There are 2 protein chains.
Amino acid sequence: MSYGNVSLAIERLKPIFGERLSLSAAVREHHGKDTTFHPIKAPDAVAFPNTVTEVQEAMQVCADLRIPVIPYGTGTSCEGHIAALHGGLCIDTSGLRDIRAIRVNDMDATVEAGVTRKELNSHLHHTGLQFPIDPGADASIGGMVSTRASGTNAVRYGTMREQVLSLEVVLPDGSLVQTGTRARKSAAGYDLTHLFVGSEGTLGIVTAVTLRLHALPEHTVAATCSFPSLDSAIGTVIQTIQAGVPIGRVELLDDLQVDAVNRYSKINLDVAPTLIFEFHGSRGAVNDQVALVKDIAEANSGHEFRWAERPEDRSRLWQARHDIWWANIALRPGSQSLPTDVCVPISELAVNIQAAKEDINQANLIAPICGHVGDGNFHACFIVNPEDEDEMRRVEDVNQRMIDRALACGGTCTGEHGIGYGKIDFLRQETGNAFSLHQSIKSAFDPNLIMNPGKIVGMHA
Amino acid sequence: MSYGNVSLAIERLKPIFGERLSLSAAVREHHGKDTTFHPIKAPDAVAFPNTVTEVQEAMQVCADLRIPVIPYGTGTSCEGHIAALHGGLCIDTSGLRDIRAIRVNDMDATVEAGVTRKELNSHLHHTGLQFPIDPGADASIGGMVSTRASGTNAVRYGTMREQVLSLEVVLPDGSLVQTGTRARKSAAGYDLTHLFVGSEGTLGIVTAVTLRLHALPEHTVAATCSFPSLDSAIGTVIQTIQAGVPIGRVELLDDLQVDAVNRYSKINLDVAPTLIFEFHGSRGAVNDQVALVKDIAEANSGHEFRWAERPEDRSRLWQARHDIWWANIALRPGSQSLPTDVCVPISELAVNIQAAKEDINQANLIAPICGHVGDGNFHACFIVNPEDEDEMRRVEDVNQRMIDRALACGGTCTGEHGIGYGKIDFLRQETGNAFSLHQSIKSAFDPNLIMNPGKIVGMHA
């Protein structure tokens with residue numbers, strides 16, 4: 001089996017898309033590179049549909065001729081998800097930008113795939129509702145579905161998995177299906193919706209998403225707290241979660257990470273292991289949470305809480321947290337980023353982070369550590385020169401050891417970044433004999449292997 | 001294609017199970033009947049494995065000879081899930097009762113499929129943790145996974161879908177797989193775990209389940225409140241949810257349902273549309289919730305809250321709620337139960353319940369209405385004589401109209417009972433052209449169609 005004649009496909013796509021089919025090298029290369037060290041793998045062409053019907057038409061052409069199709073959101077994924085490993089057509093979903101419905105009374109919304117999370121939240125202004133999932137980048141909702149994204153708020157609101165009620169999907173044969181309903185719960189057949197969440201464009205293209213929305217908390221306060229050691233900071237997190245505190249966010253930054261953030265964002269946190277807390281709820285609920293967490297932090301030798309109570313101070317703090325990516329790259333001009341992403345049971349968090357930090361130091365590498373630690377998820381963000389083979393070998397070795405430890409204690413090789421083509425071997429290691437079930441799903445939904453080939457299970461024609 | 005020689009299978013199973021393979025009519029019939037009006041469809045034999053290895057051995061025999069396999073938990077499902085429509089071997093999982101691990105620090109547990117929810121909660125005594133999902137019956141955890149069960153606590157804690165971290169499953173070829181890890185979140189490949197949750201034994205047999213546990217709330221209070229009309233009760237629920245109150249439970253009983261409960265459970269609620277509330281959280285959080293919900297109820301002309309603050313009063317109240325099934329059957333001696341189960345967006349709840357009640361009255365049927373209304377899920381519990389064809393036709397007609405209305409407003413044909421073989425046509429109606437994806441999943445995982453044939457998608461050899 002092999003793929004078909006892409007020139008022929010391009011000829012058939014031209015009348016559909018006109019100027020919105022690009023063959024320029026710059027556009028193709030932009031669509032073949034994510035934000036990490038993964039090299040450019042440009043598609044043969046990029047289509048910019050404005051309607052779901054155009055997505056279906058493009059898919060039908062590619063199905064007929066067996067041409068690879070790579071769905072593209074904002075290009076902010078981390079494991080080469082959008083690399084055109086086998087060439088083909090990239091479908092950029094940014095033109096699918098209709099906010100079809102915001103149903104305040106039902107606390108849900110239906111938006112097209114190209115709408116970004118910030119755009120959605122702008123539209124929710126004055127409704128009293130929010131879409132809380134926040135992976136840092138202003139990713140598209142379709143992309144966030146496809147990578148099962150999460151981020152700082154997941155400890156309270158869950159990941160994309162918990163937000164998606166139903167999806168509209170163009171299947172590899174060009175047909176359009178709805179995977180579920182707007183009911184808050186359902187026992188109606190196999191969970192198609194959650195099979196597509198996290199499927200990274202390998203089973204179809206998500207064109208619209210029906211999402212839960214959440215009430216904006218009545219009261220929100222944020223605070224930072226520095227600690228004498230990583231252990232004492234992580235101990236505070238573990239005890240907070242174990243006490244059942246419904247905390248809004250709890251983020252860890254190690255000393256190197258704090259230093260990078262201070263320099264880049266011009267703030268002045270103490271250069272020490274630091275937690276950023278956010279508390280959400282009614283006033284009574286927040287007061288109870290704050291009192292309990294302050295006690296826990298104090299018992300773990302934490303310093304004074306530094307409060308960010310005004311909205312603008314909170315925004316500044318979280319913007320600094322979200323700019324970590326750029327702050328880290330700025331540590332070493334000209335470098336690129338290789339972020340690790342294990343997630344472990346919370347009782348194993350301190351051991352895993354400490355061991356990673358020792359490995360990083362011993363291998364003489366630069367890798368600030370941060371984490372959505374309430375979920376047991378942390379990242380060592382390696383700042384690398386991809387041309388330096390010896391350095392890349394040491395990075396791979398440290399990453400492999402992080403994953404070995406995570407899997408050994410019941411964790412996963414990726415908490416939120418996904419598999420792309422960068423983590424296929426790790427997925428194989430994690431799933432063992434269940435890997436063949438992943439392959440069966442791929443074959444059942446995409447028998448000609450045209451959807452984002454070479455990703456998740458690595459299958460291609 | 002057809003199924004193989006079951007006598008031969010029984011001969012091969014005898015040396016594995018000895019006395020624990022039953023051919024007796026009484027045992028077979030008991031395993032071929034759920035708690036509803038669905039008629040007995042007895043399997044050819046029932047095996048009682050005590051170990052996962054025995055499940056694998058039984059499955060290998062049935063795979064070799066192409067014999068239907070029907071997994072059995074406690075038989076408390078509602079849509080003929082356990083009916084042996086094509087004969088074969090029932091595998092009763094009640095002997096898989098090992099509590100493999102309770103990890104208090106990680107707030108998770110791994111239990112074998114036959115452990116019931118009450119047994120698990122007994123084991124959690126003194127840990128400060130709970131497993132909150134509560135479908136009423138003391139169902140097995142494996143069965144609850146298989147039907148994607150929920151119940152009164154889902155409004156706060158989600159359904160089984162949100163509780164399951166990973167499953168151990170015996171596949172149709174007898175091999176054993178683990179579908180995930182203990183990490184709280186993961187982006188590692190297709191969501192196998194949630195594909196098996198709700199798959200009703202049609203893709204494999206769940207043998208062990210890793211579950212999230214939740215902190216017991218610091219403070220819990222329950223109250224009942226009666227209302228002058230269904231509309232005012234439901235309006236109270238809708239406004240409570242829309243206000244973002246993280247309520248523990250909120251259950252609706254209509255006047256007929258209250259009357260049935262009063263008689264059966266010897267309690268004395270006012271015979272009127274009634275809400276049962278439960279509030280969970282820290283003291284400050286509960287006080288805020290109660291104050292807000294009392295205001296909302298009062299604005300909707302609710303009567304005084306009647307409190308059940310002592311644990312024994314709360315237990316009595318919830319026991320009465322859970323005995324609804326028996327209370328309803330007692331309304332008409334010798335009758336059987338046909339429970340409907342639509343779930344709709346919350347803004348549509350009042351219209352849907354009112355229309356159902358009018359249909360029930362016009363068709364001269366007996367059907368108390370109750371519901372997990374915080375999720376938009378409600379049941380009309382038809383009390384029927386399955387021998388009375390005219391009555392059954394009227395019931396079917398009213399149920400079809402309930403489902404038509406639910407689907408038209410964005411709801412589902414089943415919030416928590418599942419499809420079994422009773423709701424296949426409704427699933428087809430709900431899913432439209434996505435029904436073929438459900439069929440693809442079944443074919444991919446169970447190509448010989450031996451797992452619980454005739455269920456969900458209706459496929460059989």
# chains A, B, ... in the order shown; residues from 1 in each chain; ligands from 1
call {"tool": "interface_residues", "arguments": {"of": "chain B", "to": "chain A", "cutoff": "6 Å", "atoms": "only C-alpha atoms", "output": "number ranges by chain"}}
result
B: 105-106, 148, 177, 181-191, 195, 199, 215, 244, 284-285, 343-347, 375, 410-411, 414-416, 418, 434, 456
call {"tool": "write_last_selection", "arguments": {"atoms": "C-alpha atoms", "output": "mmCIF file, in the first residue's frame"}}
result
data_model
loop_
_atom_site.group_PDB
_atom_site.id
_atom_site.type_symbol
_atom_site.label_atom_id
_atom_site.label_comp_id
_atom_site.auth_asym_id
_atom_site.auth_seq_id
_atom_site.Cartn_x
_atom_site.Cartn_y
_atom_site.Cartn_z
ATOM 1 C CA ASN B 105 -2.176 8.732 49.760
ATOM 2 C CA ASP B 106 -3.109 8.650 46.078
ATOM 3 C CA ARG B 148 -21.494 3.565 32.817
ATOM 4 C CA VAL B 177 -4.785 -6.106 28.960
ATOM 5 C CA THR B 181 -2.337 3.866 34.313
ATOM 6 C CA ARG B 182 -2.979 5.400 37.729
ATOM 7 C CA ALA B 183 -2.038 8.898 36.531
ATOM 8 C CA ARG B 184 -4.847 11.412 37.135
ATOM 9 C CA LYS B 185 -4.601 12.583 33.555
ATOM 10 C CA SER B 186 -2.958 11.249 30.430
ATOM 11 C CA ALA B 187 -2.711 12.113 26.747
ATOM 12 C CA ALA B 188 -1.237 8.725 25.839
ATOM 13 C CA GLY B 189 -3.057 7.442 22.779
ATOM 14 C CA TYR B 190 -6.686 6.543 22.269
ATOM 15 C CA ASP B 191 -8.880 6.519 25.351
ATOM 16 C CA LEU B 195 -14.172 2.886 25.382
ATOM 17 C CA SER B 199 -19.454 -1.183 26.660
ATOM 18 C CA ALA B 215 -12.391 12.743 50.483
ATOM 19 C CA GLY B 244 -22.831 27.191 40.154
ATOM 20 C CA GLY B 284 -18.183 27.653 55.396
ATOM 21 C CA ALA B 285 -18.894 26.197 51.968
ATOM 22 C CA CYS B 343 -31.464 12.881 30.122
ATOM 23 C CA VAL B 344 -31.905 16.383 28.694
ATOM 24 C CA PRO B 345 -30.183 19.772 28.865
ATOM 25 C CA ILE B 346 -31.276 21.293 32.145
ATOM 26 C CA SER B 347 -33.178 24.212 30.582
ATOM 27 C CA ASP B 375 -27.953 16.350 35.584
ATOM 28 C CA GLY B 410 -30.408 17.779 22.533
ATOM 29 C CA GLY B 411 -30.832 14.974 25.062
ATOM 30 C CA THR B 414 -30.475 6.839 28.265
ATOM 31 C CA GLY B 415 -28.743 8.810 30.994
ATOM 32 C CA GLU B 416 -27.521 5.854 32.999
ATOM 33 C CA GLY B 418 -27.583 1.791 28.966
ATOM 34 C CA ALA B 434 -22.699 7.544 13.642
ATOM 35 C CA ILE B 456 -25.784 -2.221 22.067
#
call {"tool": "select_by_dssp", "arguments": {"residues": "segment 29-239 of chain A", "states": "alpha helix (DSSP H)", "output": "MDAnalysis selection string"}}
result
chainID A and resid 29:30 52:65 117:123 141:147 154:157 160:163 192:196 230:239
call {"tool": "atom_distance", "arguments": {"atom1": "atom CA of Pro447 of chain A", "atom2": "atom CA of Ala113 of chain A"}}
result
24.3 Å
call {"tool": "atom_distance", "arguments": {"atom1": "atom CA of Gly334 of chain B", "atom2": "atom CA of His30 of chain B"}}
result
18.1 Å
call {"tool": "atom_distance", "arguments": {"atom1": "atom CA of Gln257 of chain A", "atom2": "atom CA of Pro368 of chain A"}}
result
4.7 Å
call {"tool": "residues_around", "arguments": {"residues": "segment 313-325 of chain B", "least_positions_apart": "4", "cutoff": "7 Å", "atoms": "only C-alpha atoms", "output": "count of residues only"}}
result
7
call {"tool": "residues_around", "arguments": {"residues": "Glu11 of chain A", "least_positions_apart": "6", "cutoff": "12 Å", "atoms": "only C-alpha atoms", "output": "list in words"}}
result
Asn5, Phe17, Gly18, Leu21, Leu23, Ala45, Ala58, Val61, Cys62 and Leu65 of chain A
call {"tool": "write_last_selection", "arguments": {"atoms": "C-alpha atoms", "output": "mmCIF file, in the first residue's frame"}}
result
data_model
loop_
_atom_site.group_PDB
_atom_site.id
_atom_site.type_symbol
_atom_site.label_atom_id
_atom_site.label_comp_id
_atom_site.auth_asym_id
_atom_site.auth_seq_id
_atom_site.Cartn_x
_atom_site.Cartn_y
_atom_site.Cartn_z
ATOM 1 C CA ASN A 5 -0.770 11.158 -6.662
ATOM 2 C CA PHE A 17 -10.312 26.485 -2.622
ATOM 3 C CA GLY A 18 -8.891 28.911 -5.205
ATOM 4 C CA LEU A 21 -5.050 26.519 -1.331
ATOM 5 C CA LEU A 23 1.622 25.779 -2.287
ATOM 6 C CA ALA A 45 -0.187 21.941 0.152
ATOM 7 C CA ALA A 58 -11.207 18.269 0.645
ATOM 8 C CA VAL A 61 -10.663 14.283 -2.781
ATOM 9 C CA CYS A 62 -7.993 12.897 -0.449
ATOM 10 C CA LEU A 65 -6.839 9.489 -4.224
#
call {"tool": "select_by_dssp", "arguments": {"residues": "segment 150-310 of chain A", "states": "strand (DSSP E)", "output": "PyMOL selection string"}}
result
chain A and resi 164-170+176-178+205-212+214-215+219-226+249-253+274-281+306-308
call {"tool": "write_last_selection", "arguments": {"atoms": "C-alpha atoms", "output": "PDB file, in the first residue's frame"}}
result
ATOM      1  CA  VAL A 164     -16.409  17.891  25.725  1.00  0.00           C
ATOM      2  CA  LEU A 165     -20.055  16.876  25.500  1.00  0.00           C
ATOM      3  CA  SER A 166     -20.117  16.090  21.792  1.00  0.00           C
ATOM      4  CA  LEU A 167     -18.077  16.520  18.620  1.00  0.00           C
ATOM      5  CA  GLU A 168     -18.871  17.100  14.982  1.00  0.00           C
ATOM      6  CA  VAL A 169     -16.309  15.167  12.971  1.00  0.00           C
ATOM      7  CA  VAL A 170     -15.527  14.732   9.288  1.00  0.00           C
ATOM      8  CA  LEU A 176     -20.022  14.085   8.763  1.00  0.00           C
ATOM      9  CA  VAL A 177     -21.038  12.620  12.127  1.00  0.00           C
ATOM     10  CA  GLN A 178     -22.087  13.897  15.540  1.00  0.00           C
ATOM     11  CA  ILE A 205     -11.126  16.018  11.583  1.00  0.00           C
ATOM     12  CA  VAL A 206     -13.001  17.694  14.413  1.00  0.00           C
ATOM     13  CA  THR A 207     -15.015  20.554  12.879  1.00  0.00           C
ATOM     14  CA  ALA A 208     -17.162  21.639  15.846  1.00  0.00           C
ATOM     15  CA  VAL A 209     -17.164  21.059  19.580  1.00  0.00           C
ATOM     16  CA  THR A 210     -19.928  21.200  22.185  1.00  0.00           C
ATOM     17  CA  LEU A 211     -18.351  22.145  25.500  1.00  0.00           C
ATOM     18  CA  ARG A 212     -19.411  22.444  29.115  1.00  0.00           C
ATOM     19  CA  HIS A 214     -18.493  26.706  34.206  1.00  0.00           C
ATOM     20  CA  ALA A 215     -19.779  29.443  36.458  1.00  0.00           C
ATOM     21  CA  HIS A 219     -14.472  34.924  44.631  1.00  0.00           C
ATOM     22  CA  THR A 220     -10.901  34.258  43.468  1.00  0.00           C
ATOM     23  CA  VAL A 221      -7.602  34.891  45.189  1.00  0.00           C
ATOM     24  CA  ALA A 222      -4.081  33.906  44.179  1.00  0.00           C
ATOM     25  CA  ALA A 223      -0.917  33.682  46.228  1.00  0.00           C
ATOM     26  CA  THR A 224       2.689  32.626  45.815  1.00  0.00           C
ATOM     27  CA  CYS A 225       4.641  30.854  48.503  1.00  0.00           C
ATOM     28  CA  SER A 226       8.329  29.932  48.416  1.00  0.00           C
ATOM     29  CA  ARG A 249      -4.822  25.883  40.578  1.00  0.00           C
ATOM     30  CA  VAL A 250      -1.541  24.855  42.168  1.00  0.00           C
ATOM     31  CA  GLU A 251       1.626  25.239  40.113  1.00  0.00           C
ATOM     32  CA  LEU A 252       5.200  24.374  41.037  1.00  0.00           C
ATOM     33  CA  LEU A 253       8.293  26.217  39.763  1.00  0.00           C
ATOM     34  CA  THR A 274       7.731  28.146  44.666  1.00  0.00           C
ATOM     35  CA  LEU A 275       4.037  27.292  44.541  1.00  0.00           C
ATOM     36  CA  ILE A 276       1.439  29.497  42.865  1.00  0.00           C
ATOM     37  CA  PHE A 277      -1.990  28.885  44.336  1.00  0.00           C
ATOM     38  CA  GLU A 278      -5.381  30.042  43.133  1.00  0.00           C
ATOM     39  CA  PHE A 279      -8.499  29.577  45.268  1.00  0.00           C
ATOM     40  CA  HIS A 280     -12.007  29.673  43.723  1.00  0.00           C
ATOM     41  CA  GLY A 281     -15.445  29.581  45.279  1.00  0.00           C
ATOM     42  CA  ARG A 306       2.339  36.776  48.908  1.00  0.00           C
ATOM     43  CA  TRP A 307      -1.142  37.686  47.753  1.00  0.00           C
ATOM     44  CA  ALA A 308      -2.335  38.757  44.320  1.00  0.00           C
TER      45      ALA A 308
END
call {"tool": "residues_around", "arguments": {"residues": "Ser24 of chain B", "least_positions_apart": "4", "cutoff": "12 Å", "atoms": "only C-alpha atoms", "output": "ChimeraX atom specification"}}
result
/B:19-20,28-31,42-47
call {"tool": "write_last_selection", "arguments": {"atoms": "C-alpha atoms", "output": "mmCIF file, in the first residue's frame"}}
result
data_model
loop_
_atom_site.group_PDB
_atom_site.id
_atom_site.type_symbol
_atom_site.label_atom_id
_atom_site.label_comp_id
_atom_site.auth_asym_id
_atom_site.auth_seq_id
_atom_site.Cartn_x
_atom_site.Cartn_y
_atom_site.Cartn_z
ATOM 1 C CA GLU B 19 -18.745 -27.653 40.844
ATOM 2 C CA ARG B 20 -18.439 -23.998 39.875
ATOM 3 C CA ARG B 28 -29.374 -20.381 34.603
ATOM 4 C CA GLU B 29 -32.744 -18.625 34.785
ATOM 5 C CA HIS B 30 -31.589 -16.432 37.669
ATOM 6 C CA HIS B 31 -28.692 -15.325 35.474
ATOM 7 C CA ALA B 42 -31.237 -18.230 30.257
ATOM 8 C CA PRO B 43 -27.681 -19.065 29.218
ATOM 9 C CA ASP B 44 -26.683 -22.693 28.606
ATOM 10 C CA ALA B 45 -24.364 -22.696 31.586
ATOM 11 C CA VAL B 46 -23.037 -20.394 34.283
ATOM 12 C CA ALA B 47 -19.370 -20.366 35.327
#
